Amino acid sequence: MLSFRQWAGNVWNGLKTTFTGLSITVPYIFRKPYTLQYPEEVPEIPTTERGLHNFEVDLCIACDQCAKICPVDCIAIEAEGKGKFARMTKFEIDYTKCLFCALCCEPCPTECIHMGPTFDLVGYTREEVIINYADRENPRTFSDGEKLPYEIVSFARK
Ligand code: SF4
Ligand code: SF4
């Protein structure tokens, strides 16, 4: 059986710890929230982000350098013609394998492939995350509604 003194001490400790906790928690009610309502709100992506590629298909000369250097062999290229007359028919990146290492951007003689800021590629099947950047008929739509145009593939968010 607790004495009155012990009971009062317990009540005091309970109140004290509750108010200590509230003194930390309550100020957060008046601060700007850290959370974002994704995907309606998207975070600011640093320019150094290695997300899905930006690819300028008209500059590509189908030299295969990017595919050769890729450590996981996830770039597949097909083109009609060669050099500056090359017309890309397939520039496919398999994002089930891609490491986002950016090695493919290094040897490109025309600097037409870069790492972009988009990070939210999703799909129900593996095939849905294999992107053909040269596919004019089926541009992909991402969560922000942006499509992949054929001429210049740029995912940069405004
Ligand atoms: S980022 Fe790396 S893994 Fe992905 S396609 Fe380029 S070289 Fe390959
Ligand atoms: S290295 Fe550049 S120019 Fe050559 S195939 Fe790759 S993206 Fe095209």
# chains A, B, ... in the order shown; residues from 1 in each chain; ligands from 1

$ residues_near_ligand --ligand "ligand 2" --cutoff "12 Å" --atoms "only C-alpha atoms and all ligand atoms" --output "PyMOL selection string"
chain A and resi 53-70+75-79+82-93+102-115+133-134

$ write_last_selection --atoms "N, CA and C atoms" --output "compact mmCIF listing (two decimals), in the first residue's frame"
# COMPACT_ATOMS: atom_id res chain seq x y z
N HIS A 53 17.64 8.91 -67.02
CA HIS A 53 18.49 9.65 -67.95
C HIS A 53 17.73 10.75 -68.71
N ASN A 54 18.43 11.80 -69.00
CA ASN A 54 18.01 12.76 -70.02
C ASN A 54 18.76 12.37 -71.29
N PHE A 55 18.03 12.21 -72.36
CA PHE A 55 18.65 11.73 -73.58
C PHE A 55 18.18 12.58 -74.76
N GLU A 56 19.14 13.13 -75.49
CA GLU A 56 18.80 13.95 -76.66
C GLU A 56 19.00 13.09 -77.90
N VAL A 57 17.91 12.49 -78.31
CA VAL A 57 18.00 11.45 -79.34
C VAL A 57 18.53 11.99 -80.67
N ASP A 58 18.25 13.24 -80.99
CA ASP A 58 18.71 13.78 -82.27
C ASP A 58 20.22 13.96 -82.33
N LEU A 59 20.85 14.06 -81.16
CA LEU A 59 22.31 14.21 -81.14
C LEU A 59 23.04 12.88 -81.14
N CYS A 60 22.33 11.83 -80.84
CA CYS A 60 22.97 10.51 -80.72
C CYS A 60 23.42 10.01 -82.09
N ILE A 61 24.66 9.52 -82.17
CA ILE A 61 25.18 9.01 -83.44
C ILE A 61 25.31 7.48 -83.43
N ALA A 62 24.67 6.87 -82.46
CA ALA A 62 24.62 5.40 -82.37
C ALA A 62 26.00 4.77 -82.36
N CYS A 63 26.95 5.37 -81.65
CA CYS A 63 28.32 4.85 -81.65
C CYS A 63 28.51 3.69 -80.67
N ASP A 64 27.55 3.47 -79.82
CA ASP A 64 27.57 2.32 -78.89
C ASP A 64 28.52 2.48 -77.70
N GLN A 65 29.19 3.62 -77.57
CA GLN A 65 30.17 3.78 -76.48
C GLN A 65 29.52 3.63 -75.11
N CYS A 66 28.33 4.22 -74.97
CA CYS A 66 27.64 4.15 -73.66
C CYS A 66 27.28 2.71 -73.32
N ALA A 67 26.82 1.96 -74.33
CA ALA A 67 26.42 0.57 -74.08
C ALA A 67 27.63 -0.29 -73.73
N LYS A 68 28.77 0.02 -74.37
CA LYS A 68 29.98 -0.79 -74.10
C LYS A 68 30.51 -0.58 -72.70
N ILE A 69 30.41 0.65 -72.21
CA ILE A 69 30.99 0.93 -70.89
C ILE A 69 30.05 0.54 -69.74
N CYS A 70 28.78 0.36 -70.04
CA CYS A 70 27.80 0.07 -68.98
C CYS A 70 28.18 -1.24 -68.26
N ILE A 75 21.99 -1.19 -71.61
CA ILE A 75 21.61 -0.30 -72.72
C ILE A 75 21.59 -1.11 -74.01
N ALA A 76 20.48 -1.02 -74.73
CA ALA A 76 20.37 -1.70 -76.02
C ALA A 76 20.10 -0.67 -77.11
N ILE A 77 20.94 -0.67 -78.14
CA ILE A 77 20.83 0.36 -79.18
C ILE A 77 20.61 -0.29 -80.54
N GLU A 78 19.67 0.27 -81.29
CA GLU A 78 19.50 -0.14 -82.68
C GLU A 78 19.29 1.13 -83.49
N ALA A 79 19.93 1.19 -84.67
CA ALA A 79 19.79 2.40 -85.50
C ALA A 79 19.89 2.03 -86.97
N LYS A 82 24.58 5.28 -90.10
CA LYS A 82 25.67 5.47 -89.15
C LYS A 82 26.06 6.93 -89.03
N GLY A 83 26.85 7.24 -88.00
CA GLY A 83 27.37 8.59 -87.80
C GLY A 83 26.26 9.62 -87.72
N LYS A 84 26.50 10.78 -88.33
CA LYS A 84 25.51 11.86 -88.20
C LYS A 84 24.23 11.58 -88.98
N PHE A 85 24.26 10.53 -89.82
CA PHE A 85 23.05 10.16 -90.56
C PHE A 85 22.26 9.06 -89.85
N ALA A 86 22.76 8.64 -88.70
CA ALA A 86 22.08 7.56 -87.98
C ALA A 86 20.70 8.01 -87.52
N ARG A 87 19.74 7.10 -87.63
CA ARG A 87 18.39 7.38 -87.13
C ARG A 87 18.08 6.30 -86.10
N MET A 88 17.95 6.74 -84.85
CA MET A 88 17.74 5.77 -83.78
C MET A 88 16.38 5.10 -83.92
N THR A 89 16.37 3.80 -83.82
CA THR A 89 15.09 3.08 -83.78
C THR A 89 14.87 2.50 -82.39
N LYS A 90 15.97 2.32 -81.66
CA LYS A 90 15.83 1.81 -80.30
C LYS A 90 16.99 2.31 -79.45
N PHE A 91 16.66 2.94 -78.36
CA PHE A 91 17.67 3.29 -77.36
C PHE A 91 17.04 2.94 -76.02
N GLU A 92 17.25 1.71 -75.64
CA GLU A 92 16.50 1.16 -74.51
C GLU A 92 17.38 1.04 -73.29
N ILE A 93 16.88 1.52 -72.17
CA ILE A 93 17.59 1.33 -70.90
C ILE A 93 16.72 0.48 -69.99
N ALA A 102 26.18 6.51 -63.82
CA ALA A 102 26.54 7.61 -64.72
C ALA A 102 27.76 7.33 -65.60
N LEU A 103 28.25 6.10 -65.59
CA LEU A 103 29.40 5.79 -66.45
C LEU A 103 29.07 5.97 -67.93
N CYS A 104 27.81 5.72 -68.29
CA CYS A 104 27.42 5.82 -69.71
C CYS A 104 27.53 7.25 -70.23
N CYS A 105 27.49 8.23 -69.34
CA CYS A 105 27.54 9.64 -69.78
C CYS A 105 28.97 10.06 -70.12
N GLU A 106 29.94 9.37 -69.57
CA GLU A 106 31.34 9.82 -69.70
C GLU A 106 31.88 9.74 -71.12
N PRO A 107 31.73 8.61 -71.82
CA PRO A 107 32.42 8.52 -73.12
C PRO A 107 31.63 9.10 -74.29
N CYS A 108 30.43 9.59 -74.06
CA CYS A 108 29.56 10.02 -75.17
C CYS A 108 30.21 11.17 -75.95
N PRO A 109 30.51 10.98 -77.23
CA PRO A 109 31.19 12.03 -78.00
C PRO A 109 30.31 13.24 -78.28
N THR A 110 28.99 13.08 -78.23
CA THR A 110 28.11 14.21 -78.52
C THR A 110 27.42 14.76 -77.26
N GLU A 111 27.78 14.20 -76.14
CA GLU A 111 27.21 14.63 -74.84
C GLU A 111 25.69 14.67 -74.88
N CYS A 112 25.10 13.61 -75.41
CA CYS A 112 23.64 13.60 -75.53
C CYS A 112 22.96 12.76 -74.46
N ILE A 113 23.73 12.18 -73.56
CA ILE A 113 23.10 11.41 -72.49
C ILE A 113 23.60 11.93 -71.14
N HIS A 114 22.65 12.22 -70.27
CA HIS A 114 22.97 12.78 -68.95
C HIS A 114 22.09 12.11 -67.91
N MET A 115 22.50 12.21 -66.66
CA MET A 115 21.64 11.73 -65.59
C MET A 115 20.64 12.85 -65.26
N TYR A 133 13.95 5.16 -75.25
CA TYR A 133 13.95 6.61 -75.42
C TYR A 133 13.76 7.03 -76.87
N ALA A 134 13.86 6.10 -77.78
CA ALA A 134 13.68 6.46 -79.20
C ALA A 134 12.30 6.05 -79.71

$ closest_atom_pairs --of "range 54-96 of chain A" --to "range 117-121 of chain A" --cutoff "12 Å" --atoms "only C-alpha atoms" --output "Markdown table"
| residue | atom | partner | partner_atom | distance |
| --- | --- | --- | --- | --- |
| A:Asn54 | CA | A:Pro117 | CA | 8.5 |
| A:Asp94 | CA | A:Leu121 | CA | 11.6 |
| A:Tyr95 | CA | A:Leu121 | CA | 8.6 |
| A:Thr96 | CA | A:Leu121 | CA | 10.3 |

$ write_last_selection --atoms "C-alpha atoms" --output "mmCIF file, in the first residue's frame"
data_model
loop_
_atom_site.group_PDB
_atom_site.id
_atom_site.type_symbol
_atom_site.label_atom_id
_atom_site.label_comp_id
_atom_site.auth_asym_id
_atom_site.auth_seq_id
_atom_site.Cartn_x
_atom_site.Cartn_y
_atom_site.Cartn_z
ATOM 1 C CA ASN A 54 18.010 12.756 -70.020
ATOM 2 C CA ASP A 94 16.569 -1.496 -68.618
ATOM 3 C CA TYR A 95 15.935 0.174 -65.271
ATOM 4 C CA THR A 96 15.567 -3.165 -63.534
#

$ atom_distance --atom1 "CA of Leu2 in chain A" --atom2 "CA of Phe19 in chain A"
24.0 Å

$ select_by_dssp --residues "chain A" --states "strand (DSSP E)" --output "PyMOL selection string"
chain A and resi 53-55+75-80+87-94+113-115+130-132

$ select_by_dssp --residues "chain A" --states "alpha helix (DSSP H)" --output "PyMOL selection string"
chain A and resi 4-29+65-69

$ write_last_selection --atoms "N, CA and C atoms" --output "tab-separated table (two decimals), in the first residue's frame"
chain	number	residue	atom	x	y	z
A	4	PHE	N	0.71	8.24	1.34
A	4	PHE	CA	0.29	9.45	0.61
A	4	PHE	C	1.49	10.14	-0.04
A	5	ARG	N	2.60	10.12	0.66
A	5	ARG	CA	3.82	10.76	0.16
A	5	ARG	C	4.30	10.11	-1.14
A	6	GLN	N	4.28	8.72	-1.15
A	6	GLN	CA	4.70	8.01	-2.36
A	6	GLN	C	3.72	8.28	-3.52
A	7	TRP	N	2.41	8.25	-3.18
A	7	TRP	CA	1.39	8.50	-4.22
A	7	TRP	C	1.57	9.90	-4.83
A	8	ALA	N	1.76	10.90	-3.96
A	8	ALA	CA	1.93	12.27	-4.44
A	8	ALA	C	3.21	12.39	-5.28
A	9	GLY	N	4.26	11.66	-4.88
A	9	GLY	CA	5.51	11.67	-5.65
A	9	GLY	C	5.31	11.10	-7.05
A	10	ASN	N	4.53	9.99	-7.12
A	10	ASN	CA	4.25	9.37	-8.44
A	10	ASN	C	3.46	10.32	-9.33
A	11	VAL	N	2.43	10.97	-8.71
A	11	VAL	CA	1.62	11.92	-9.48
A	11	VAL	C	2.50	13.06	-9.99
A	12	TRP	N	3.36	13.54	-9.13
A	12	TRP	CA	4.25	14.65	-9.52
A	12	TRP	C	5.18	14.23	-10.66
A	13	ASN	N	5.74	13.02	-10.55
A	13	ASN	CA	6.63	12.52	-11.62
A	13	ASN	C	5.88	12.37	-12.93
A	14	GLY	N	4.64	11.85	-12.83
A	14	GLY	CA	3.81	11.70	-14.04
A	14	GLY	C	3.55	13.03	-14.71
A	15	LEU	N	3.16	14.02	-13.91
A	15	LEU	CA	2.89	15.36	-14.48
A	15	LEU	C	4.16	15.96	-15.06
A	16	LYS	N	5.26	15.79	-14.33
A	16	LYS	CA	6.52	16.40	-14.76
A	16	LYS	C	6.98	15.83	-16.11
A	17	THR	N	6.92	14.50	-16.25
A	17	THR	CA	7.38	13.89	-17.51
A	17	THR	C	6.42	14.24	-18.65
A	18	THR	N	5.10	14.31	-18.32
A	18	THR	CA	4.14	14.70	-19.37
A	18	THR	C	4.43	16.10	-19.89
A	19	PHE	N	4.66	17.04	-18.98
A	19	PHE	CA	4.92	18.42	-19.41
A	19	PHE	C	6.29	18.55	-20.09
A	20	THR	N	7.25	17.74	-19.65
A	20	THR	CA	8.56	17.77	-20.33
A	20	THR	C	8.38	17.33	-21.79
A	21	GLY	N	7.61	16.25	-21.98
A	21	GLY	CA	7.34	15.76	-23.34
A	21	GLY	C	6.60	16.80	-24.17
A	22	LEU	N	5.56	17.38	-23.57
A	22	LEU	CA	4.76	18.38	-24.31
A	22	LEU	C	5.59	19.62	-24.66
A	23	SER	N	6.53	19.98	-23.78
A	23	SER	CA	7.34	21.17	-24.08
A	23	SER	C	8.21	20.95	-25.32
A	24	ILE	N	8.50	19.69	-25.60
A	24	ILE	CA	9.26	19.39	-26.83
A	24	ILE	C	8.31	19.28	-28.02
A	25	THR	N	7.16	18.65	-27.81
A	25	THR	CA	6.24	18.36	-28.92
A	25	THR	C	5.47	19.60	-29.39
A	26	VAL	N	4.95	20.37	-28.45
A	26	VAL	CA	4.04	21.48	-28.81
A	26	VAL	C	4.65	22.49	-29.79
A	27	PRO	N	5.92	22.91	-29.61
A	27	PRO	CA	6.46	23.87	-30.58
A	27	PRO	C	6.41	23.39	-32.03
A	28	TYR	N	6.43	22.05	-32.24
A	28	TYR	CA	6.39	21.54	-33.61
A	28	TYR	C	5.06	21.81	-34.29
A	29	ILE	N	3.99	22.03	-33.49
A	29	ILE	CA	2.68	22.34	-34.07
A	29	ILE	C	2.76	23.66	-34.83
A	65	GLN	N	29.19	3.62	-77.57
A	65	GLN	CA	30.17	3.78	-76.48
A	65	GLN	C	29.52	3.63	-75.11
A	66	CYS	N	28.33	4.22	-74.97
A	66	CYS	CA	27.64	4.15	-73.66
A	66	CYS	C	27.28	2.71	-73.32
A	67	ALA	N	26.82	1.96	-74.33
A	67	ALA	CA	26.42	0.57	-74.08
A	67	ALA	C	27.63	-0.29	-73.73
A	68	LYS	N	28.77	0.02	-74.37
A	68	LYS	CA	29.98	-0.79	-74.10
A	68	LYS	C	30.51	-0.58	-72.70
A	69	ILE	N	30.41	0.65	-72.21
A	69	ILE	CA	30.99	0.93	-70.89
A	69	ILE	C	30.05	0.54	-69.74

$ closest_residue --among "A:Ile131, A:Val42, A:Leu52, A:Val122" --to "Cys101 in chain A" --atoms "only C-alpha atoms"
A:Leu52

$ atom_distance --atom1 "CA of Thr47 in chain A" --atom2 "CA of Lys97 in chain A"
23.0 Å
